[in-house]
Structures are given as C-alpha cells and as structure tokens.
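In what follows, a single structure is set out as structure tokens and then discussed.
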Amino acid sequence: MLNATGKIIIIMPEPRNGGSRHLPPVAHAPHGNHGSTRHAPQPGSVDPVQQQQLAEHHIADVRRFFSGIGVTEREGNASNVPVVFDPSFENAAYVRQIDTRTNQMVGESLQIGVDPESGESYAKAKDVMAHEWTHRITNALVPGLLTGAHFGSDMAIGESLADTLAAAYDTDDWDIGEDIGTPVRNMADPGRYGDPAHMTDLKKIYESGDERVQVVRRPDGQHAFRVEGHLLAGIPNKAASLIGDAIGRDKMAQIYLDTARNNLQPCRGLDGYAAGVMMSARDLFGPQSREFQATTQAFDAVGLLDQVKAQREPSRR
Ligand SMILES: [Zn+2]
C-alpha cells in the first residue's frame, strides 16, 4: 500500500527521556494531502484503457529491473499476477486474498488507482509501481512480514523496504510518487512531509497532535508509542537514503535484497531490521568495508544503532 488507510498502528518502545520538556509542534500533513501545492482534481481525465496499458508496461519494466539484480520468479518476480487499473480506487496496493479458515493465500493482484488529490493515475509513477511490486517480492522472501503487517513495526519495515528498492529503480531523487504531483514521502528528508527522520522525532510528532502517533500502556506497564506504519517508515527510509548516498544505490539494493533473503524476520522491530541490514553489509562486503561502515553510520544517524548494540546479536544465517 502506498498511503495510509484507516487507523493502522504499531507499537514502538518509548524513548528514554520521556516527559518534561515541551517541544514545539512540527508541521503535519496527512499522507496524500499536502495542501495547495496539489493540482486540482480532474475527474474523468484518466483514460482507463490507456492507464491499464501503462500500468502493465511499467510492471514489466519493474520485473526486468528485479530480474537484472538477481530476483528469481520463485522470489516473487514471476508475471503470474493480475495488474488491475481501477479509477475508483484511491490508492495503489499489492492485495492478497486470504482464506481465513486455512490462513493460506488464495489469490493476489496489483490494484492501481487514482490519487484523489491530483486526479492523476498512479500508473504514471514508476516508483509507485516498483513499491507495490516490492511488496510482492517481500511477501515471497519474508513469510509472515505482511501477514502481521498492520501491527508491530513489520508494516513500517515492509513499507520502507518497498520505498528503498523503488528508489534503486527510480534513481532521480529520493521522492516517492513525484511523477503524479506532490510526493507522498521523501526518504532523504522525511520531515518535509511530516514523517520522522530520527527515533526522537516520534515524540515531537506525538506532541504536535498527530493522531498517527499514540501512546498506549503495554501489558508490562510501560508506555509505548503506537505509530502508523507509513509514518514510521520515515526512520528506516532516512537510513537507506544515507546508505545509498554513501555507497551508491546499486550496492544499497544488493544489501537490502540480501537482508530480505537472509536476515529479516517478522516481529523483530526496527532495531532488528537495522541489525539485519548491517549483517548483510558485513557478510557481502566484509567487516572492514566502507559498505558496512556506511550502514552502521546510517543507523546511528537515525537513533537505531544504540538499540541494536543493546540487544543480543541475532544468530548468523
Ligand atoms: Zn506500501
């Protein structure tokens, strides 16, 4: 899914220095609504047949990109999935049909709709197509990550991975969705669209009154932030952009693909994700490499390295 729909929330640990200091509110805009910079909607301006063809064309190109970086058909890169342009759908999504009795996936599709703000078809946005396709690959490589995606930081990890590999495909900038108007996110500057770029930003966003960050009491009595997944993705997105800028987006993609294949499991939190990315960089390039160093510096810059160090090192593959 490209944008947030409904109240999808996740639990995050409370930052250490909670409480007393008052922080000024930060600018907030909900996803897909950035005010006057948007075009006026142009209902009826989208030709469904043309947009269906464009969506299929872009998906075929995205498949070639993933094939080129070594993603196999068994890893979610096969063409056997319907691509459906639906002008009444106000988002873009990789949709799985689940049989609730057996919990098995019985069908899947890519649903490509129209941005309600700009009136533009998401089929025009190459990175949005790559984002949704990455969800399919992630579903094949990391079973269970999307299943529990609406709870826990798994959703944020899935969204960030989709943005990261989309940015390895559409390399012009760190924007997501710029081809249809105002971007929905910027990976290098998440704050531009109200998303956090550092763990400490969650507190500021909560104090700004943003409903997508809530404080809840956990069963153990501790308080925790519950954060909508697309919003929370800003933190790992910022780290990925730093890695991409330091070592290039090809190596960035190589590292994140290896992470999804070997070092990512559901329910490990953002720090578990950071640990997995660092482990992949170390395995691929060596512990003394510039590439591994780029990953540790990036996760340090977003406030996740201390948490990684604090937890026991995950088991090797
Ligand atoms: Zn998504």
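Residues in the structure tokens are named by chain (A, B, ... in the order shown) and by number from 1 within that chain; ligands are numbered from 1 in the order shown.
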Shell of 12 Å around Arg249 (chain A), only C-alpha atoms, local chain residues under 2 positions omitted, as an mmCIF file with N, CA and C atoms, in the first residue's frame:
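part_14.cif written:
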data_model
loop_
_atom_site.group_PDB
_atom_site.id
_atom_site.type_symbol
_atom_site.label_atom_id
_atom_site.label_comp_id
_atom_site.auth_asym_id
_atom_site.auth_seq_id
_atom_site.Cartn_x
_atom_site.Cartn_y
_atom_site.Cartn_z
ATOM 1 N N ILE A 69 18.757 -7.596 -11.095
ATOM 2 C CA ILE A 69 19.524 -7.629 -9.844
ATOM 3 C C ILE A 69 19.412 -8.999 -9.164
ATOM 4 N N THR A 164 12.681 1.680 -0.512
ATOM 5 C CA THR A 164 14.124 1.582 -0.754
ATOM 6 C C THR A 164 14.416 0.943 -2.112
ATOM 7 N N LEU A 165 13.736 -0.166 -2.409
ATOM 8 C CA LEU A 165 14.000 -0.816 -3.693
ATOM 9 C C LEU A 165 13.377 -0.025 -4.842
ATOM 10 N N ALA A 166 12.288 0.708 -4.570
ATOM 11 C CA ALA A 166 11.724 1.612 -5.583
ATOM 12 C C ALA A 166 12.723 2.720 -5.913
ATOM 13 N N ALA A 167 13.457 3.183 -4.895
ATOM 14 C CA ALA A 167 14.453 4.249 -5.107
ATOM 15 C C ALA A 167 15.710 3.719 -5.789
ATOM 16 N N ALA A 168 15.922 2.399 -5.745
ATOM 17 C CA ALA A 168 17.024 1.797 -6.505
ATOM 18 C C ALA A 168 16.640 1.648 -7.973
ATOM 19 N N TYR A 169 15.341 1.650 -8.248
ATOM 20 C CA TYR A 169 14.825 1.532 -9.619
ATOM 21 C C TYR A 169 14.625 2.909 -10.247
ATOM 22 N N ASP A 170 13.988 3.802 -9.493
ATOM 23 C CA ASP A 170 13.715 5.175 -9.969
ATOM 24 C C ASP A 170 14.695 6.090 -9.230
ATOM 25 N N THR A 171 15.865 6.310 -9.844
ATOM 26 C CA THR A 171 17.014 6.844 -9.109
ATOM 27 C C THR A 171 17.162 8.369 -9.187
ATOM 28 N N ASP A 172 16.200 9.061 -9.785
ATOM 29 C CA ASP A 172 16.331 10.514 -9.987
ATOM 30 C C ASP A 172 16.486 11.294 -8.683
ATOM 31 N N ASP A 173 15.805 10.831 -7.659
ATOM 32 C CA ASP A 173 15.696 11.608 -6.420
ATOM 33 C C ASP A 173 15.311 10.629 -5.315
ATOM 34 N N TRP A 174 15.073 11.164 -4.114
ATOM 35 C CA TRP A 174 14.619 10.326 -3.000
ATOM 36 C C TRP A 174 13.124 10.494 -2.732
ATOM 37 N N ALA A 240 18.253 4.381 4.820
ATOM 38 C CA ALA A 240 18.522 3.822 3.481
ATOM 39 C C ALA A 240 19.056 4.900 2.538
ATOM 40 N N SER A 241 18.514 6.115 2.651
ATOM 41 C CA SER A 241 18.984 7.195 1.765
ATOM 42 C C SER A 241 20.440 7.552 2.077
ATOM 43 N N LEU A 242 20.809 7.514 3.349
ATOM 44 C CA LEU A 242 22.200 7.793 3.724
ATOM 45 C C LEU A 242 23.130 6.715 3.175
ATOM 46 N N ILE A 243 22.670 5.458 3.239
ATOM 47 C CA ILE A 243 23.468 4.348 2.707
ATOM 48 C C ILE A 243 23.601 4.495 1.190
ATOM 49 N N GLY A 244 22.495 4.792 0.519
ATOM 50 C CA GLY A 244 22.516 4.961 -0.941
ATOM 51 C C GLY A 244 23.421 6.095 -1.378
ATOM 52 N N ASP A 245 23.375 7.203 -0.628
ATOM 53 C CA ASP A 245 24.235 8.339 -0.971
ATOM 54 C C ASP A 245 25.716 8.019 -0.727
ATOM 55 N N ALA A 246 25.995 7.185 0.278
ATOM 56 C CA ALA A 246 27.386 6.883 0.630
ATOM 57 C C ALA A 246 28.025 5.872 -0.321
ATOM 58 N N ILE A 247 27.274 4.847 -0.730
ATOM 59 C CA ILE A 247 27.899 3.741 -1.486
ATOM 60 C C ILE A 247 27.242 3.496 -2.843
ATOM 61 N N LYS A 251 24.587 -0.886 -4.776
ATOM 62 C CA LYS A 251 25.030 -1.633 -3.591
ATOM 63 C C LYS A 251 23.977 -1.569 -2.480
ATOM 64 N N MET A 252 23.315 -0.419 -2.363
ATOM 65 C CA MET A 252 22.216 -0.313 -1.402
ATOM 66 C C MET A 252 21.171 -1.404 -1.681
ATOM 67 N N ALA A 253 20.774 -1.541 -2.939
ATOM 68 C CA ALA A 253 19.770 -2.551 -3.300
ATOM 69 C C ALA A 253 20.281 -3.960 -3.007
ATOM 70 N N GLN A 254 21.553 -4.200 -3.313
ATOM 71 C CA GLN A 254 22.166 -5.515 -3.062
ATOM 72 C C GLN A 254 22.082 -5.869 -1.571
ATOM 73 N N ILE A 255 22.395 -4.895 -0.727
ATOM 74 C CA ILE A 255 22.377 -5.115 0.728
ATOM 75 C C ILE A 255 20.948 -5.383 1.219
ATOM 76 N N TYR A 256 19.988 -4.575 0.781
ATOM 77 C CA TYR A 256 18.613 -4.749 1.276
ATOM 78 C C TYR A 256 17.975 -6.028 0.737
ATOM 79 N N LEU A 257 18.346 -6.403 -0.485
ATOM 80 C CA LEU A 257 17.837 -7.661 -1.028
ATOM 81 C C LEU A 257 18.384 -8.836 -0.217
ATOM 82 N N GLU A 291 31.253 -0.223 2.911
ATOM 83 C CA GLU A 291 29.826 -0.511 2.811
ATOM 84 C C GLU A 291 29.230 -0.830 4.184
#
All residues 12 Å or closer to Val46 (chain A), only C-alpha atoms, same chain fewer than 2 positions away omitted, as a list of chain:residue names: A:Pro41, A:Gln42, A:Pro43, A:Gly44, A:Pro48, A:Val49, A:Gln50, A:Gln51, A:Gln52, A:Leu54, A:Phe85, A:Asp86, A:Pro87, A:Ser88, A:Gly113, A:Val114, A:Asp115, A:Pro116, A:Ser118, A:Gly119, A:Glu120, A:Ser121, A:Tyr122, A:Ala123, A:Lys124
Counting only C-alpha atoms and all ligand atoms, which protein, DNA or RNA residues come within 10 Å of ligand 1, given as an mmCIF file with N, CA and C atoms, in the first residue's frame?
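Result written to result.cif:
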data_model
loop_
_atom_site.group_PDB
_atom_site.id
_atom_site.type_symbol
_atom_site.label_atom_id
_atom_site.label_comp_id
_atom_site.auth_asym_id
_atom_site.auth_seq_id
_atom_site.Cartn_x
_atom_site.Cartn_y
_atom_site.Cartn_z
ATOM 1 N N MET A 1 0.852 -1.200 0.000
ATOM 2 C CA MET A 1 0.000 0.000 0.000
ATOM 3 C C MET A 1 0.879 1.239 0.000
ATOM 4 N N LEU A 2 0.483 2.223 -0.779
ATOM 5 C CA LEU A 2 1.288 3.433 -0.889
ATOM 6 C C LEU A 2 1.008 4.400 0.247
ATOM 7 N N ASN A 3 -0.273 4.555 0.558
ATOM 8 C CA ASN A 3 -0.684 5.531 1.562
ATOM 9 C C ASN A 3 -1.353 4.828 2.726
ATOM 10 N N ALA A 4 -1.477 5.566 3.822
ATOM 11 C CA ALA A 4 -2.193 5.041 4.973
ATOM 12 C C ALA A 4 -3.685 5.012 4.675
ATOM 13 N N ASN A 91 -5.816 4.665 -4.273
ATOM 14 C CA ASN A 91 -4.518 4.288 -3.730
ATOM 15 C C ASN A 91 -3.867 3.344 -4.730
ATOM 16 N N ALA A 92 -2.740 2.784 -4.366
ATOM 17 C CA ALA A 92 -2.130 1.695 -5.123
ATOM 18 C C ALA A 92 -1.778 0.628 -4.106
ATOM 19 N N ALA A 93 -1.960 -0.640 -4.446
ATOM 20 C CA ALA A 93 -1.756 -1.673 -3.431
ATOM 21 C C ALA A 93 -1.438 -3.028 -4.051
ATOM 22 N N TYR A 94 -0.622 -3.780 -3.330
ATOM 23 C CA TYR A 94 -0.468 -5.217 -3.584
ATOM 24 C C TYR A 94 -1.469 -5.907 -2.666
ATOM 25 N N VAL A 128 6.054 4.171 -7.733
ATOM 26 C CA VAL A 128 4.901 3.573 -7.049
ATOM 27 C C VAL A 128 4.700 2.137 -7.540
ATOM 28 N N ALA A 130 7.063 0.181 -8.662
ATOM 29 C CA ALA A 130 8.152 -0.618 -8.077
ATOM 30 C C ALA A 130 7.899 -0.867 -6.586
ATOM 31 N N HIS A 131 7.333 0.119 -5.893
ATOM 32 C CA HIS A 131 6.996 -0.030 -4.468
ATOM 33 C C HIS A 131 6.019 -1.205 -4.284
ATOM 34 N N GLU A 132 4.942 -1.205 -5.074
ATOM 35 C CA GLU A 132 3.933 -2.273 -4.914
ATOM 36 C C GLU A 132 4.506 -3.632 -5.305
ATOM 37 N N TRP A 133 5.335 -3.653 -6.354
ATOM 38 C CA TRP A 133 5.938 -4.923 -6.769
ATOM 39 C C TRP A 133 6.879 -5.453 -5.673
ATOM 40 N N THR A 134 7.593 -4.540 -5.009
ATOM 41 C CA THR A 134 8.488 -4.974 -3.924
ATOM 42 C C THR A 134 7.692 -5.641 -2.799
ATOM 43 N N HIS A 135 6.463 -5.167 -2.554
ATOM 44 C CA HIS A 135 5.646 -5.838 -1.532
ATOM 45 C C HIS A 135 5.450 -7.319 -1.890
ATOM 46 N N MET A 155 4.998 -3.502 9.567
ATOM 47 C CA MET A 155 4.415 -2.723 8.471
ATOM 48 C C MET A 155 5.382 -1.637 8.012
ATOM 49 N N ALA A 156 6.001 -0.957 8.969
ATOM 50 C CA ALA A 156 6.961 0.109 8.623
ATOM 51 C C ALA A 156 8.146 -0.478 7.853
ATOM 52 N N ILE A 157 8.595 -1.669 8.259
ATOM 53 C CA ILE A 157 9.714 -2.318 7.573
ATOM 54 C C ILE A 157 9.320 -2.674 6.138
ATOM 55 N N GLY A 158 8.124 -3.238 5.983
ATOM 56 C CA GLY A 158 7.640 -3.570 4.635
ATOM 57 C C GLY A 158 7.534 -2.340 3.754
ATOM 58 N N GLU A 159 7.019 -1.242 4.324
ATOM 59 C CA GLU A 159 6.875 -0.005 3.542
ATOM 60 C C GLU A 159 8.240 0.580 3.196
ATOM 61 N N SER A 160 9.158 0.560 4.151
ATOM 62 C CA SER A 160 10.477 1.143 3.904
ATOM 63 C C SER A 160 11.265 0.316 2.885
ATOM 64 N N LEU A 161 11.164 -1.004 2.998
ATOM 65 C CA LEU A 161 11.827 -1.873 2.021
ATOM 66 C C LEU A 161 11.281 -1.595 0.616
ATOM 67 N N ALA A 162 9.956 -1.396 0.527
ATOM 68 C CA ALA A 162 9.328 -1.106 -0.773
ATOM 69 C C ALA A 162 9.809 0.250 -1.310
ATOM 70 N N ASP A 163 9.915 1.252 -0.436
ATOM 71 C CA ASP A 163 10.432 2.557 -0.869
ATOM 72 C C ASP A 163 11.901 2.448 -1.275
ATOM 73 N N GLY A 229 2.270 2.735 10.204
ATOM 74 C CA GLY A 229 3.439 2.169 9.530
ATOM 75 C C GLY A 229 4.071 3.042 8.460
ATOM 76 N N HIS A 230 3.250 3.731 7.638
ATOM 77 C CA HIS A 230 3.832 4.587 6.594
ATOM 78 C C HIS A 230 4.595 5.754 7.218
ATOM 79 N N ALA A 233 7.908 4.494 8.709
ATOM 80 C CA ALA A 233 8.877 4.137 7.658
ATOM 81 C C ALA A 233 9.879 5.262 7.404
#
Separation of CA of Asp61 (chain A) and CA of Met129 (chain A), in Å? 9.6 Å
Using CA of Lys203 (chain A) and CA of Val215 (chain A) as the two end points, give the distance in Å to one decimal. 9.7 Å
Nearest candidate to Arg185 (chain A) (options A:Gly209, A:Asn237, A:Ala140, A:Arg218; using only C-alpha atoms): A:Asn237
My list of candidates is A:Leu202, A:Ala260, A:Leu304, A:Val277. Which is closest to Asn139 (chain A) when distances are computed with only C-alpha atoms? A:Ala260
Taking into account only C-alpha atoms, which residue in the set A:Leu110, A:Ile205, A:Ile137, A:Met199 is nearest to Gly70 (chain A)?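 Using only C-alpha atoms, the shortest distance to Gly70 (chain A) belongs to A:Ile137.
Between CA of Asp175 (chain A) and CA of Leu231 (chain A) lies a distance of 14.6 Å.
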Among the residues of region 140-314 of chain A, find those DSSP assigns to strand (DSSP E) from the backbone and print them as a ChimeraX atom specification. /A:175-176,185-186,213-217,223-227
Serialized selection, N, CA and C atoms, as a tab-separated table (two decimals), in the first residue's frame:
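Final output, saved to out-v4.tsv:
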chain	number	residue	atom	x	y	z
A	175	ASP	N	12.43	11.12	-3.67
A	175	ASP	CA	10.98	11.27	-3.56
A	175	ASP	C	10.29	9.96	-3.92
A	176	ILE	N	9.13	9.73	-3.33
A	176	ILE	CA	8.26	8.63	-3.73
A	176	ILE	C	6.96	9.25	-4.26
A	185	ARG	N	6.17	10.79	0.03
A	185	ARG	CA	7.26	10.73	1.01
A	185	ARG	C	8.56	11.21	0.36
A	186	ASN	N	9.50	11.65	1.19
A	186	ASN	CA	10.86	11.87	0.73
A	186	ASN	C	11.78	11.12	1.68
A	213	VAL	N	0.44	8.99	15.75
A	213	VAL	CA	1.31	8.56	16.84
A	213	VAL	C	0.50	8.62	18.12
A	214	GLN	N	0.34	7.47	18.77
A	214	GLN	CA	-0.43	7.41	20.00
A	214	GLN	C	0.41	6.78	21.10
A	215	VAL	N	0.07	7.11	22.35
A	215	VAL	CA	0.76	6.48	23.47
A	215	VAL	C	-0.18	5.48	24.10
A	216	VAL	N	0.31	4.27	24.30
A	216	VAL	CA	-0.50	3.22	24.91
A	216	VAL	C	0.27	2.60	26.07
A	217	ARG	N	-0.48	1.94	26.96
A	217	ARG	CA	0.14	1.23	28.06
A	217	ARG	C	0.27	-0.23	27.66
A	223	HIS	N	4.87	2.53	29.05
A	223	HIS	CA	4.17	3.24	27.99
A	223	HIS	C	4.95	3.10	26.68
A	224	ALA	N	4.20	3.09	25.59
A	224	ALA	CA	4.84	2.92	24.29
A	224	ALA	C	4.13	3.78	23.25
A	225	PHE	N	4.87	4.20	22.25
A	225	PHE	CA	4.24	4.87	21.11
A	225	PHE	C	3.65	3.81	20.19
A	226	ARG	N	2.45	4.09	19.70
A	226	ARG	CA	1.88	3.29	18.60
A	226	ARG	C	1.89	4.18	17.38
A	227	VAL	N	2.54	3.72	16.33
A	227	VAL	CA	2.82	4.58	15.18
A	227	VAL	C	2.33	3.93	13.90
Could you give me, as a ChimeraX atom specification, each residue of region 72-306 of chain A that DSSP assigns to helix (DSSP H, G or I) when run on this structure's backbone? /A:73-75,122-124,126-141,154-169,178-180,190-193,201-207,229-232,234-247,249-262,269-285,290-301,305-306
Spatial neighbours of Ala301 (chain A), max dist 10 Å, only C-alpha atoms, sep filter under 5 positions, as a short mmCIF file (atom, residue, chain, number, x, y, z; two decimals) with N, CA and C atoms, in the first residue's frame:
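Result saved to selection_13.cif:
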data_model
loop_
_atom_site.label_atom_id
_atom_site.label_comp_id
_atom_site.auth_asym_id
_atom_site.auth_seq_id
_atom_site.Cartn_x
_atom_site.Cartn_y
_atom_site.Cartn_z
N ALA A 197 12.48 11.41 10.95
CA ALA A 197 13.78 11.04 10.37
C ALA A 197 14.70 10.46 11.44
N HIS A 198 14.24 10.47 12.69
CA HIS A 198 15.04 10.00 13.82
C HIS A 198 14.07 9.50 14.89
N MET A 199 14.53 8.54 15.69
CA MET A 199 13.65 7.99 16.73
C MET A 199 13.09 9.08 17.65
N ILE A 235 11.89 6.65 9.36
CA ILE A 235 13.17 6.44 10.06
C ILE A 235 14.08 5.47 9.27
N LYS A 238 15.17 7.15 5.98
CA LYS A 238 16.29 8.10 6.10
C LYS A 238 17.62 7.33 6.12
N ALA A 239 17.66 6.23 6.87
CA ALA A 239 18.89 5.42 6.93
C ALA A 239 19.25 4.89 5.54
N LEU A 242 20.81 7.51 3.35
CA LEU A 242 22.20 7.79 3.72
C LEU A 242 23.13 6.72 3.17
N THR A 295 26.49 1.46 6.64
CA THR A 295 25.24 1.03 7.28
C THR A 295 25.24 1.38 8.77
N THR A 296 26.37 1.18 9.45
CA THR A 296 26.40 1.49 10.89
C THR A 296 26.23 3.00 11.10
#
